[in-house]
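Dropping query29.txt in here (compact mmCIF, C-alpha atoms and all ligand atoms):
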```txt
# COMPACT_ATOMS: atom_id res chain seq x y z
CA MET A 1 -2.54 -55.19 -98.06
CA THR A 2 -0.34 -52.28 -99.17
CA ALA A 3 1.36 -52.21 -95.76
CA GLY A 4 2.18 -55.89 -96.28
CA ALA A 5 3.50 -55.10 -99.74
CA ALA A 6 5.85 -52.42 -98.38
CA GLU A 7 7.14 -54.88 -95.78
CA SER A 8 7.76 -57.43 -98.51
CA PHE A 9 9.67 -54.80 -100.46
CA GLU A 10 11.84 -54.10 -97.44
CA ARG A 11 12.50 -57.80 -96.86
CA VAL A 12 13.43 -58.38 -100.50
CA PHE A 13 15.39 -55.19 -101.25
CA GLY A 14 16.72 -54.46 -97.76
CA ALA A 15 15.22 -50.97 -97.52
CA ARG A 16 11.87 -49.22 -97.39
CA PRO A 17 12.53 -46.09 -99.38
CA PRO A 18 10.16 -43.12 -99.42
CA GLY A 19 8.03 -42.87 -102.54
CA LEU A 20 7.19 -46.56 -102.78
CA GLN A 21 4.09 -47.11 -104.88
CA CYS A 22 1.70 -50.00 -105.40
CA ALA A 23 0.16 -50.82 -108.79
CA ARG A 24 -2.83 -53.09 -108.58
CA ALA A 25 -4.66 -54.82 -111.46
CA PRO A 26 -7.56 -57.29 -111.15
CA GLY A 27 -8.45 -60.55 -112.89
CA ARG A 28 -11.70 -60.80 -114.83
CA VAL A 29 -14.70 -63.00 -115.63
CA ASN A 30 -16.79 -62.72 -118.76
CA LEU A 31 -20.52 -62.86 -118.00
CA LEU A 32 -21.73 -63.19 -121.59
CA GLY A 33 -20.26 -63.15 -125.11
CA GLU A 34 -18.16 -66.28 -125.74
CA HIS A 35 -16.19 -66.71 -128.96
CA THR A 36 -17.48 -63.34 -130.10
CA ASP A 37 -14.24 -61.35 -129.67
CA TYR A 38 -12.49 -62.58 -132.81
CA ASN A 39 -15.71 -62.00 -134.75
CA GLY A 40 -15.76 -58.28 -133.96
CA GLY A 41 -18.63 -58.77 -131.52
CA PHE A 42 -19.44 -57.83 -127.93
CA VAL A 43 -18.29 -59.24 -124.60
CA LEU A 44 -19.55 -58.41 -121.12
CA PRO A 45 -16.80 -58.92 -118.53
CA ILE A 46 -16.41 -57.75 -114.96
CA ALA A 47 -13.13 -57.08 -113.21
CA VAL A 48 -13.13 -59.31 -110.11
CA ASP A 49 -12.24 -58.24 -106.58
CA ARG A 50 -8.93 -60.12 -106.65
CA ALA A 51 -5.77 -58.64 -108.09
CA VAL A 52 -2.05 -58.80 -108.80
CA ARG A 53 -0.02 -56.06 -107.07
CA VAL A 54 3.39 -54.65 -107.76
CA CYS A 55 4.98 -52.64 -104.95
CA PHE A 56 7.72 -50.70 -106.72
CA ARG A 57 10.02 -47.73 -107.07
CA ALA A 58 11.91 -46.31 -110.03
CA ALA A 59 15.59 -47.26 -109.78
CA ALA A 60 18.77 -47.13 -111.79
CA GLY A 61 20.15 -50.31 -113.34
CA PRO A 62 18.29 -53.36 -114.52
CA VAL A 63 14.61 -53.99 -113.86
CA ARG A 64 14.39 -56.31 -110.86
CA LEU A 65 11.09 -57.87 -109.89
CA TRP A 66 10.56 -60.54 -107.24
CA SER A 67 7.35 -62.60 -107.28
CA GLU A 68 6.22 -63.68 -103.82
CA ASP A 69 3.93 -66.22 -105.45
CA ALA A 70 6.43 -67.76 -107.87
CA GLY A 71 9.33 -67.36 -105.41
CA SER A 72 11.64 -66.20 -108.18
CA TRP A 73 13.20 -63.16 -109.83
CA ALA A 74 12.68 -61.54 -113.19
CA ALA A 75 15.65 -59.30 -114.00
CA PHE A 76 16.36 -57.64 -117.32
CA GLU A 77 17.79 -54.55 -119.00
CA LEU A 78 15.28 -52.29 -120.73
CA ALA A 79 17.76 -51.74 -123.55
CA ASP A 80 18.00 -55.30 -124.79
CA LEU A 81 14.53 -56.70 -124.95
CA ARG A 82 13.58 -58.82 -127.88
CA PRO A 83 10.67 -61.27 -128.27
CA PRO A 84 11.65 -64.93 -128.50
CA PRO A 85 11.48 -66.47 -131.98
CA PRO A 86 8.01 -67.81 -132.93
CA GLY A 87 7.43 -70.99 -130.96
CA GLY A 88 10.33 -70.14 -128.67
CA GLY A 89 8.25 -68.51 -125.92
CA ALA A 90 7.14 -71.48 -123.84
CA PRO A 91 3.42 -70.89 -123.26
CA PRO A 92 2.58 -70.91 -119.57
CA GLY A 93 1.18 -74.20 -118.42
CA ASP A 94 3.67 -76.23 -120.46
CA GLY A 95 6.45 -77.20 -118.12
CA ALA A 96 7.81 -74.32 -116.07
CA PRO A 97 6.10 -71.08 -117.02
CA ASP A 98 8.45 -68.13 -116.96
CA TRP A 99 6.43 -65.37 -115.36
CA GLY A 100 9.18 -62.90 -116.19
CA ALA A 101 8.21 -63.23 -119.86
CA TYR A 102 5.06 -61.21 -119.12
CA ALA A 103 7.05 -58.44 -117.45
CA ARG A 104 9.68 -58.32 -120.19
CA GLY A 105 6.93 -58.40 -122.81
CA VAL A 106 5.10 -55.44 -121.31
CA ALA A 107 8.28 -53.36 -121.09
CA TRP A 108 9.12 -54.28 -124.68
CA ALA A 109 5.62 -53.47 -125.99
CA LEU A 110 5.51 -50.09 -124.22
CA GLN A 111 8.92 -49.21 -125.66
CA GLU A 112 7.82 -50.40 -129.10
CA ALA A 113 4.89 -48.00 -128.81
CA GLY A 114 7.42 -45.20 -128.42
CA HIS A 115 7.41 -44.71 -124.64
CA ARG A 116 10.60 -44.06 -122.71
CA LEU A 117 10.63 -46.21 -119.60
CA ARG A 118 12.63 -46.11 -116.41
CA ALA A 119 13.79 -49.27 -114.68
CA ILE A 120 11.89 -50.36 -111.59
CA GLN A 121 12.52 -52.57 -108.59
CA GLY A 122 9.43 -54.27 -107.25
CA VAL A 123 7.70 -57.09 -105.46
CA VAL A 124 4.83 -58.88 -107.19
CA SER A 125 2.10 -60.62 -105.21
CA GLY A 126 -1.47 -61.50 -105.90
CA ASP A 127 -4.59 -63.45 -105.09
CA VAL A 128 -5.88 -64.10 -108.61
CA PRO A 129 -5.71 -67.90 -108.93
CA MET A 130 -3.18 -68.75 -111.64
CA GLY A 131 -4.17 -70.84 -114.62
CA SER A 132 -7.84 -70.98 -113.59
CA GLY A 133 -9.23 -68.87 -116.43
CA LEU A 134 -9.52 -65.70 -114.32
CA SER A 135 -6.71 -64.13 -116.31
CA SER A 136 -3.99 -63.76 -113.74
CA SER A 137 -1.69 -63.30 -116.75
CA ALA A 138 -3.53 -60.14 -117.86
CA ALA A 139 -3.63 -58.93 -114.25
CA LEU A 140 0.14 -59.39 -114.03
CA GLU A 141 0.72 -57.60 -117.34
CA VAL A 142 -1.52 -54.68 -116.44
CA ALA A 143 -0.04 -54.35 -112.93
CA VAL A 144 3.49 -54.32 -114.34
CA GLY A 145 2.47 -51.98 -117.18
CA THR A 146 0.81 -49.60 -114.72
CA ALA A 147 3.95 -49.64 -112.58
CA PHE A 148 6.19 -48.83 -115.57
CA CYS A 149 3.92 -45.99 -116.65
CA ALA A 150 3.84 -44.50 -113.15
CA ALA A 151 7.61 -44.80 -112.71
CA ALA A 152 8.20 -42.98 -116.00
CA GLY A 153 5.48 -40.38 -115.37
CA LEU A 154 3.52 -41.54 -118.44
CA GLN A 155 -0.19 -40.86 -118.76
CA ILE A 156 -1.16 -43.44 -121.30
CA ASP A 157 -4.64 -44.10 -122.55
CA GLY A 158 -6.23 -47.29 -121.13
CA ARG A 159 -6.91 -48.66 -124.58
CA ALA A 160 -3.26 -48.23 -125.60
CA LEU A 161 -2.09 -49.92 -122.40
CA ALA A 162 -4.48 -52.83 -122.99
CA LEU A 163 -3.19 -53.28 -126.55
CA ALA A 164 0.44 -53.12 -125.38
CA CYS A 165 -0.23 -55.80 -122.74
CA GLN A 166 -2.00 -57.99 -125.29
CA ARG A 167 0.89 -57.55 -127.70
CA ALA A 168 3.29 -58.53 -124.90
CA GLU A 169 1.41 -61.78 -124.29
CA HIS A 170 1.31 -62.62 -128.01
CA ALA A 171 4.96 -61.87 -128.63
CA PHE A 172 6.56 -63.15 -125.41
CA THR A 173 4.43 -66.19 -124.50
CA GLY A 174 2.94 -67.21 -127.84
CA VAL A 175 -0.61 -67.09 -126.40
CA ARG A 176 -2.86 -65.37 -128.96
CA CYS A 177 -5.30 -63.92 -126.43
CA GLY A 178 -7.97 -61.36 -127.30
CA VAL A 179 -7.84 -57.91 -125.72
CA MET A 180 -10.82 -58.35 -123.37
CA ASP A 181 -8.79 -59.57 -120.39
CA GLN A 182 -6.41 -56.63 -120.32
CA PHE A 183 -9.20 -54.23 -121.13
CA ALA A 184 -11.39 -55.41 -118.25
CA SER A 185 -8.44 -55.33 -115.87
CA ILE A 186 -7.80 -51.69 -116.77
CA HIS A 187 -11.33 -50.34 -117.12
CA GLY A 188 -13.21 -52.42 -114.54
CA ARG A 189 -15.40 -50.51 -112.13
CA SER A 190 -16.75 -51.57 -108.80
CA GLY A 191 -20.43 -52.51 -109.12
CA CYS A 192 -20.34 -52.57 -112.94
CA ALA A 193 -19.89 -54.90 -115.88
CA LEU A 194 -18.40 -53.58 -119.11
CA LEU A 195 -20.13 -53.98 -122.46
CA LEU A 196 -17.10 -53.96 -124.74
CA ASP A 197 -17.31 -53.67 -128.50
CA CYS A 198 -14.35 -55.78 -129.62
CA ARG A 199 -14.28 -54.08 -133.00
CA SER A 200 -14.03 -50.44 -131.92
CA LEU A 201 -12.92 -51.03 -128.30
CA ASP A 202 -15.65 -48.62 -127.23
CA PHE A 203 -17.27 -49.66 -123.98
CA GLU A 204 -20.12 -48.87 -121.69
CA GLU A 205 -20.50 -49.57 -118.00
CA VAL A 206 -23.64 -51.44 -116.98
CA PRO A 207 -24.63 -51.86 -113.34
CA LEU A 208 -24.03 -55.12 -111.45
CA ASP A 209 -24.90 -54.29 -107.89
CA ALA A 210 -23.08 -56.44 -105.31
CA ALA A 211 -25.94 -55.88 -102.87
CA ALA A 212 -28.19 -57.79 -105.29
CA VAL A 213 -26.02 -60.35 -107.09
CA ARG A 214 -22.68 -62.15 -106.99
CA VAL A 215 -20.71 -63.92 -109.65
CA VAL A 216 -19.64 -67.44 -108.71
CA VAL A 217 -17.00 -69.24 -110.76
CA CYS A 218 -16.69 -73.02 -110.54
CA ASN A 219 -13.56 -74.63 -111.93
CA THR A 220 -14.01 -78.18 -113.23
CA GLY A 221 -10.25 -78.64 -112.97
CA VAL A 222 -10.14 -80.41 -116.35
CA ARG A 223 -8.56 -79.17 -119.54
CA HIS A 224 -9.01 -81.48 -122.52
CA ALA A 225 -6.15 -81.57 -125.01
CA LEU A 226 -8.52 -80.94 -127.91
CA GLY A 227 -8.75 -77.25 -126.98
CA GLN A 228 -6.12 -75.60 -129.15
CA SER A 229 -6.86 -77.36 -132.43
CA ALA A 230 -10.62 -76.96 -131.94
CA TYR A 231 -10.15 -73.25 -131.29
CA ASN A 232 -8.28 -72.83 -134.57
CA GLU A 233 -10.93 -74.85 -136.40
CA ARG A 234 -13.73 -72.68 -134.97
CA ARG A 235 -11.95 -69.54 -136.11
CA ALA A 236 -11.56 -71.03 -139.58
CA SER A 237 -15.30 -71.88 -139.66
CA CYS A 238 -16.15 -68.27 -138.83
CA GLU A 239 -13.92 -67.02 -141.64
CA ARG A 240 -15.52 -69.49 -144.04
CA ALA A 241 -18.99 -68.31 -143.02
CA VAL A 242 -18.03 -64.67 -143.61
CA GLU A 243 -16.53 -65.48 -146.98
CA ARG A 244 -19.74 -67.25 -148.13
CA LEU A 245 -22.20 -64.81 -146.59
CA SER A 246 -20.38 -61.78 -147.99
CA ARG A 247 -21.16 -63.04 -151.51
CA ARG A 248 -24.84 -62.43 -150.81
CA LEU A 249 -24.86 -59.74 -148.15
CA GLN A 250 -23.29 -56.35 -148.63
CA GLY A 251 -20.86 -54.95 -146.09
CA VAL A 252 -20.17 -58.21 -144.26
CA ARG A 253 -16.58 -58.18 -143.00
CA GLU A 254 -17.05 -60.22 -139.85
CA LEU A 255 -19.90 -62.24 -138.33
CA ARG A 256 -20.62 -59.11 -136.30
CA ASP A 257 -22.13 -57.69 -139.49
CA VAL A 258 -24.71 -60.49 -139.83
CA SER A 259 -28.01 -60.34 -137.95
CA PRO A 260 -29.77 -63.51 -136.75
CA ALA A 261 -32.57 -62.85 -139.28
CA ALA A 262 -30.11 -62.42 -142.18
CA LEU A 263 -28.36 -65.64 -141.22
CA ARG A 264 -31.66 -67.53 -141.24
CA ARG A 265 -32.48 -66.07 -144.67
CA GLU A 266 -29.12 -66.94 -146.19
CA ALA A 267 -28.64 -70.26 -144.39
CA ASP A 268 -28.49 -72.22 -147.64
CA VAL A 269 -25.06 -70.78 -148.62
CA LEU A 270 -23.47 -72.56 -145.67
CA ASP A 271 -22.87 -76.24 -145.04
CA ALA A 272 -24.56 -77.64 -141.93
CA VAL A 273 -21.54 -77.41 -139.61
CA THR A 274 -20.53 -73.89 -140.69
CA LEU A 275 -24.13 -72.78 -140.24
CA ARG A 276 -24.19 -74.02 -136.65
CA ARG A 277 -20.89 -72.28 -135.88
CA ALA A 278 -22.17 -69.02 -137.37
CA ARG A 279 -25.49 -69.39 -135.57
CA HIS A 280 -23.71 -69.54 -132.24
CA VAL A 281 -21.65 -66.42 -132.91
CA VAL A 282 -24.48 -64.34 -134.36
CA GLY A 283 -26.87 -65.42 -131.59
CA GLU A 284 -24.27 -64.84 -128.88
CA ILE A 285 -23.57 -61.30 -130.05
CA ALA A 286 -27.31 -60.56 -129.94
CA ARG A 287 -27.58 -62.18 -126.48
CA THR A 288 -24.72 -60.09 -125.15
CA VAL A 289 -26.31 -56.83 -126.23
CA GLU A 290 -29.66 -58.00 -124.82
CA GLY A 291 -27.92 -59.08 -121.61
CA ALA A 292 -26.52 -55.58 -121.11
CA ASP A 293 -30.06 -54.20 -121.54
CA ALA A 294 -31.30 -56.65 -118.91
CA LEU A 295 -28.61 -55.58 -116.43
CA ARG A 296 -29.45 -51.91 -116.97
CA VAL A 297 -32.91 -52.60 -115.56
CA CYS A 298 -31.65 -55.15 -112.99
CA ASP A 299 -33.58 -57.93 -114.74
CA TYR A 300 -31.41 -60.80 -113.50
CA VAL A 301 -33.99 -63.42 -114.41
CA ARG A 302 -33.78 -62.43 -118.07
CA PHE A 303 -30.01 -62.25 -117.86
CA GLY A 304 -29.91 -65.73 -116.35
CA HIS A 305 -32.00 -67.14 -119.23
CA LEU A 306 -29.52 -65.65 -121.67
CA MET A 307 -26.66 -67.36 -119.81
CA PHE A 308 -28.38 -70.75 -120.07
CA GLU A 309 -29.08 -70.11 -123.76
CA SER A 310 -25.44 -69.21 -124.25
CA HIS A 311 -24.38 -72.50 -122.68
CA ALA A 312 -26.77 -74.52 -124.87
CA SER A 313 -25.48 -72.74 -127.95
CA LEU A 314 -21.83 -73.33 -127.00
CA ARG A 315 -22.63 -76.98 -126.32
CA ASP A 316 -24.84 -77.79 -129.32
CA ASP A 317 -23.92 -75.33 -132.08
CA TYR A 318 -20.34 -74.34 -131.35
CA GLU A 319 -19.54 -77.73 -129.76
CA VAL A 320 -16.88 -76.49 -127.36
CA SER A 321 -18.35 -77.74 -124.08
CA CYS A 322 -17.52 -81.06 -122.43
CA ARG A 323 -19.08 -83.52 -119.98
CA GLU A 324 -17.64 -81.80 -116.90
CA LEU A 325 -18.81 -78.31 -117.92
CA ASP A 326 -22.29 -79.62 -118.76
CA LEU A 327 -22.42 -81.37 -115.38
CA MET A 328 -21.39 -78.18 -113.56
CA VAL A 329 -24.14 -76.21 -115.32
CA ASP A 330 -26.71 -78.94 -114.62
CA LEU A 331 -25.76 -79.03 -110.93
CA ALA A 332 -26.34 -75.27 -110.72
CA ARG A 333 -29.73 -75.30 -112.41
CA GLY A 334 -32.64 -74.84 -110.07
CA ARG A 335 -30.53 -74.11 -106.98
CA PRO A 336 -31.85 -71.42 -104.63
CA GLY A 337 -30.79 -67.95 -105.74
CA LEU A 338 -29.32 -69.06 -109.09
CA TYR A 339 -30.28 -66.88 -112.07
CA GLY A 340 -28.12 -68.44 -114.77
CA ALA A 341 -25.02 -70.52 -115.50
CA ARG A 342 -22.83 -71.25 -118.49
CA MET A 343 -19.40 -72.44 -119.46
CA VAL A 344 -16.88 -69.61 -119.77
CA GLY A 345 -13.67 -69.34 -121.76
CA ALA A 346 -12.59 -71.16 -124.89
CA GLY A 347 -14.10 -74.48 -123.74
CA PHE A 348 -13.16 -78.16 -123.37
CA GLY A 349 -12.65 -77.63 -119.65
CA GLY A 350 -12.04 -74.74 -117.31
CA CYS A 351 -14.80 -72.90 -115.52
CA THR A 352 -18.48 -72.11 -115.42
CA VAL A 353 -19.77 -68.67 -114.48
CA ASN A 354 -22.93 -68.36 -112.39
CA LEU A 355 -25.05 -65.34 -111.52
CA VAL A 356 -26.47 -65.80 -108.02
CA SER A 357 -28.43 -63.59 -105.65
CA ALA A 358 -26.13 -62.02 -103.07
CA GLU A 359 -27.76 -63.65 -100.06
CA ALA A 360 -27.69 -67.16 -101.58
CA ALA A 361 -24.16 -66.98 -103.04
CA GLY A 362 -22.24 -68.43 -100.08
CA GLU A 363 -24.51 -71.45 -99.74
CA PHE A 364 -24.58 -71.89 -103.52
CA ALA A 365 -20.78 -72.01 -103.64
CA ARG A 366 -20.60 -74.58 -100.82
CA ALA A 367 -23.30 -76.78 -102.37
CA MET A 368 -21.69 -76.69 -105.82
CA ALA A 369 -18.34 -77.78 -104.42
CA SER A 370 -19.81 -80.68 -102.46
CA ASP A 371 -22.18 -81.86 -105.23
CA TYR A 372 -19.48 -81.82 -107.89
CA ARG A 373 -17.16 -83.73 -105.56
CA ALA A 374 -19.88 -86.28 -104.87
CA ARG A 375 -20.46 -86.79 -108.60
CA THR A 376 -16.86 -86.82 -109.87
CA GLY A 377 -14.58 -87.49 -106.92
CA THR A 378 -12.67 -84.23 -107.52
CA SER A 379 -12.99 -81.07 -105.44
CA PRO A 380 -13.56 -78.06 -107.67
CA GLU A 381 -12.26 -74.59 -106.88
CA VAL A 382 -15.26 -72.31 -106.38
CA TYR A 383 -14.89 -68.52 -106.11
CA GLU A 384 -17.39 -65.85 -105.23
CA PHE A 385 -16.80 -62.41 -106.75
CA ARG A 386 -18.19 -58.91 -106.81
CA ALA A 387 -17.54 -56.63 -109.76
CA GLY A 388 -14.37 -54.83 -108.67
CA ALA A 389 -12.36 -51.76 -109.62
CA GLY A 390 -9.86 -51.63 -112.48
CA ALA A 391 -6.13 -50.98 -112.32
CA GLU A 392 -4.81 -48.18 -110.15
CA VAL A 393 -1.60 -46.96 -108.61
CA ARG A 394 -1.30 -45.64 -105.07
CA ALA A 395 1.30 -44.68 -102.54
CA CYS A 396 2.36 -47.73 -100.54
P1 LIG A 401 -4.69 -67.42 -116.34
O1 LIG A 401 -4.40 -66.15 -117.09
O2 LIG A 401 -6.00 -68.02 -116.74
O3 LIG A 401 -4.57 -67.28 -114.87
P2 LIG A 401 -2.33 -68.23 -117.71
O4 LIG A 401 -1.71 -69.57 -117.89
O5 LIG A 401 -2.65 -67.42 -118.91
O6 LIG A 401 -3.61 -68.48 -116.81
O7 LIG A 401 -1.40 -67.31 -116.80
C1 LIG A 401 -0.86 -67.80 -115.60
C2 LIG A 401 0.58 -67.39 -115.52
O8 LIG A 401 0.68 -65.98 -115.20
C3 LIG A 401 1.33 -68.07 -114.38
O9 LIG A 401 1.81 -69.33 -114.77
C4 LIG A 401 2.46 -67.08 -114.14
O10 LIG A 401 3.49 -67.25 -115.09
C5 LIG A 401 1.80 -65.73 -114.40
N1 LIG A 401 1.35 -65.10 -113.13
C6 LIG A 401 0.12 -64.73 -112.78
N2 LIG A 401 0.09 -64.17 -111.55
C7 LIG A 401 1.36 -64.17 -111.11
C8 LIG A 401 2.01 -63.74 -109.90
N3 LIG A 401 1.32 -63.22 -108.88
N4 LIG A 401 3.36 -63.93 -109.81
C9 LIG A 401 4.05 -64.48 -110.83
N5 LIG A 401 3.49 -64.91 -111.96
C10 LIG A 401 2.18 -64.76 -112.12
MG MG A 402 -4.07 -65.96 -119.20
```
Show the structure stored in the file as structure tokens.
Amino acid sequence: MTAGAAESFERVFGARPPGLQCARAPGRVNLLGEHTDYNGGFVLPIAVDRAVRVCFRAAAGPVRLWSEDAGSWAAFELADLRPPPPGGGAPPGDGAPDWGAYARGVAWALQEAGHRLRAIQGVVSGDVPMGSGLSSSAALEVAVGTAFCAAAGLQIDGRALALACQRAEHAFTGVRCGVMDQFASIHGRSGCALLLDCRSLDFEEVPLDAAAVRVVVCNTGVRHALGQSAYNERRASCERAVERLSRRLQGVRELRDVSPAALRREADVLDAVTLRRARHVVGEIARTVEGADALRVCDYVRFGHLMFESHASLRDDYEVSCRELDLMVDLARGRPGLYGARMVGAGFGGCTVNLVSAEAAGEFARAMASDYRARTGTSPEVYEFRAGAGAEVRAC
């Protein structure tokens, strides 16, 4: 792969200079912990074994990056970077996404954090499917950020790089993503999931052995328009729940601070809808911590139950699933080798994540694709992953 990247560099820039380097950053999938990030809770992502790569060298003059996948240039001066006005950064997916916005954003955010950068020339290529919920955007940001840091000889802390990449996405594309995607792309480890505390950004590695299990992602291919407004409403419900609960319970700043038992006790301060929203979040945080415990002892059956419970909670209490996601989970249920399945991501479309025994994963993926096609007439994308390594930079 890196040999190919060096050849691409030569084709694009007309030379293959010594000292070429390759920064690589993976996409991610979250196994458990949905809609918990903005409540200060836990998530449990893996970095996947697909990545965005930047083959680069430090160079004088403007930053010049060519994307093999987009077939276009991003070129800019480090000295005059400014975020677009609010609403002015066309979010990707609407019309023509400007992938260069991610690169400019990362350079801007690193400079805002006080780092002195050097310009780079590079070729971007990747095999993280774009716009499929596997966070190719975070992979691109982290790959570009890693390249800038290496070119300038900066040793920056992974947490600081993750926050800079998140800030870049907020400011330059208008997408208010959490920090999990960038974090998993940086800190992923082969054969491990990461239990990430979204409040402190402390994390722990928990084993996910590729010899035993695989993670299969099935993309329904639908994205219902409802998504954005529903997301904002859910966040507002969580804030309302905290506001009410904190009148009775001491030290409650976020739903993270409420246990399932305390929520049951104080249920009467919440209206019925707010109670269901809070019940999802509080239950999901507990499930995520329990899920990490299950993985530590390789109890995939227990982990799978927690995934199904998560899906039911997202469907019935948080009400962010949809017909296609429910169908995809139902088609998975009971299949040979399947431990658990649930919708993943904000909801109203997108993907399901499935934990499957390693030897059954290939057949599972094939059967899911053909059954979903038979039921809906559309062919879903289905991907099989192992937990992969986080971002790194190497000689090309
Ligand atoms: P997701 O993060 O779920 O894949 P997004 O819509 O957030 O979906 O990000 C996808 C966008 O990221 C693409 O439209 C493109 O602008 C950018 N991107 C990702 N990978 C690449 C790549 N290899 N080359 C150029 N742009 C990329
Ligand atoms: Mg994204």
Is there a way to get, as a PDB file with C-alpha atoms, in the coordinates of the input, all residues within 8 Å of the point (-6.1, -59.5, -126.6) in file coordinates, counting only C-alpha atoms?
```pdb
ATOM      1  CA  ALA A 162      -4.480 -52.830-122.990  1.00  0.00           C
ATOM      2  CA  LEU A 163      -3.190 -53.280-126.550  1.00  0.00           C
ATOM      3  CA  CYS A 165      -0.230 -55.800-122.740  1.00  0.00           C
ATOM      4  CA  GLN A 166      -2.000 -57.990-125.290  1.00  0.00           C
ATOM      5  CA  ARG A 167       0.890 -57.550-127.700  1.00  0.00           C
ATOM      6  CA  ARG A 176      -2.860 -65.370-128.960  1.00  0.00           C
ATOM      7  CA  CYS A 177      -5.300 -63.920-126.430  1.00  0.00           C
ATOM      8  CA  GLY A 178      -7.970 -61.360-127.300  1.00  0.00           C
ATOM      9  CA  VAL A 179      -7.840 -57.910-125.720  1.00  0.00           C
ATOM     10  CA  MET A 180     -10.820 -58.350-123.370  1.00  0.00           C
ATOM     11  CA  ASP A 181      -8.790 -59.570-120.390  1.00  0.00           C
ATOM     12  CA  GLN A 182      -6.410 -56.630-120.320  1.00  0.00           C
TER      13      GLN A 182
END
```
Residues of chain A within 7 Å of ligand LIG 401 (chain A): nearest atom pair and distance (Å, one decimal) for each, counting only C-alpha atoms and all ligand atoms, sorted by chain and number, as JSON lines?
```
{"residue": "A:Val52", "atom": "CA", "partner": "A:LIG401", "partner_atom": "N3", "distance": 5.6}
{"residue": "A:Ser67", "atom": "CA", "partner": "A:LIG401", "partner_atom": "N4", "distance": 4.9}
{"residue": "A:Glu68", "atom": "CA", "partner": "A:LIG401", "partner_atom": "N4", "distance": 6.6}
{"residue": "A:Asp69", "atom": "CA", "partner": "A:LIG401", "partner_atom": "N4", "distance": 5.0}
{"residue": "A:Ala70", "atom": "CA", "partner": "A:LIG401", "partner_atom": "C9", "distance": 5.0}
{"residue": "A:Pro92", "atom": "CA", "partner": "A:LIG401", "partner_atom": "O4", "distance": 4.8}
{"residue": "A:Gly93", "atom": "CA", "partner": "A:LIG401", "partner_atom": "O4", "distance": 5.5}
{"residue": "A:Pro97", "atom": "CA", "partner": "A:LIG401", "partner_atom": "O10", "distance": 5.0}
{"residue": "A:Asp98", "atom": "CA", "partner": "A:LIG401", "partner_atom": "O10", "distance": 5.4}
{"residue": "A:Trp99", "atom": "CA", "partner": "A:LIG401", "partner_atom": "O10", "distance": 3.5}
{"residue": "A:Val124", "atom": "CA", "partner": "A:LIG401", "partner_atom": "N3", "distance": 5.8}
{"residue": "A:Ser125", "atom": "CA", "partner": "A:LIG401", "partner_atom": "N3", "distance": 4.6}
{"residue": "A:Gly126", "atom": "CA", "partner": "A:LIG401", "partner_atom": "N3", "distance": 4.4}
{"residue": "A:Val128", "atom": "CA", "partner": "A:LIG401", "partner_atom": "N2", "distance": 6.7}
{"residue": "A:Pro129", "atom": "CA", "partner": "A:LIG401", "partner_atom": "O3", "distance": 6.1}
{"residue": "A:Met130", "atom": "CA", "partner": "A:LIG401", "partner_atom": "O3", "distance": 3.8}
{"residue": "A:Gly131", "atom": "CA", "partner": "A:LIG401", "partner_atom": "O6", "distance": 3.3}
{"residue": "A:Ser132", "atom": "CA", "partner": "A:LIG401", "partner_atom": "O2", "distance": 4.7}
{"residue": "A:Gly133", "atom": "CA", "partner": "A:LIG401", "partner_atom": "O2", "distance": 3.4}
{"residue": "A:Leu134", "atom": "CA", "partner": "A:LIG401", "partner_atom": "O2", "distance": 4.9}
{"residue": "A:Ser135", "atom": "CA", "partner": "A:LIG401", "partner_atom": "O1", "distance": 3.2}
{"residue": "A:Ser136", "atom": "CA", "partner": "A:LIG401", "partner_atom": "O3", "distance": 3.7}
{"residue": "A:Ser137", "atom": "CA", "partner": "A:LIG401", "partner_atom": "O8", "distance": 3.9}
{"residue": "A:Ala138", "atom": "CA", "partner": "A:LIG401", "partner_atom": "O1", "distance": 6.1}
{"residue": "A:Ala139", "atom": "CA", "partner": "A:LIG401", "partner_atom": "N2", "distance": 7.0}
{"residue": "A:Leu140", "atom": "CA", "partner": "A:LIG401", "partner_atom": "N2", "distance": 5.4}
```
How big is the axis-aligned box around the listed atoms of stretch 259-268 of chain A once 6 Å is added on each side, and where is its centre? Give both in Å to one decimal, as AutoDock Vina command-line options.
```
--center_x -30.3 --center_y -66.3 --center_z -142.2 --size_x 16.6 --size_y 23.9 --size_z 22.9
```
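Minimum atom-to-atom distances from A:Ala391, A:Val48, A:Ala286, A:Ala164 to A:Arg256 were compared using only C-alpha atoms, and the lowest value belongs to A:Ala286.
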- [ ] Might you pull out every residue within 12 Å of A:Ala272, with all atoms listed in the file counted and same-chain residues fewer than 4 positions away left off, and present them as a PyMOL selection string?
- [x] chain A and resi 237+241+267-268+276-279+317-318
Do you know which residues are at most 9 Å from A:Ile120 counting only C-alpha atoms, after dropping those on the same chain fewer than 5 positions away, and could you put them as a list in words?
Phe56, Arg57, Ala58, Ala59, Ala60, Gly61, Pro62, Val63, Arg64, Leu65, Ala147, Phe148 and Ala151 of chain A
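When all atoms listed in the file are used to compute distances to A:Glu284, the closest of the residues A:Arg104, A:Arg50, A:Arg116, A:His35 turns out to be A:His35.
In this comparison, which uses all atoms listed in the file, the residue of A:Gly377, A:Gly350, A:Gly388, A:Gly114 approaching A:Ala51 most closely is A:Gly388.
Nearest to ligand MG 402 (chain A) of all the residues A:Glu363, A:Glu169, A:Asp316, A:Asp326 is A:Glu169, based on all atoms listed in the file.
Relative to atom CA of A:Val329, atom CA of A:Gly191 is found at 24.8 Å.
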Which residues are close to A:Arg386, i.e. within 8 Å by only C-alpha atoms, leaving aside same-chain residues fewer than 6 positions away? Reply as number ranges by chain.
A: 48-49, 190-191, 210, 213-215
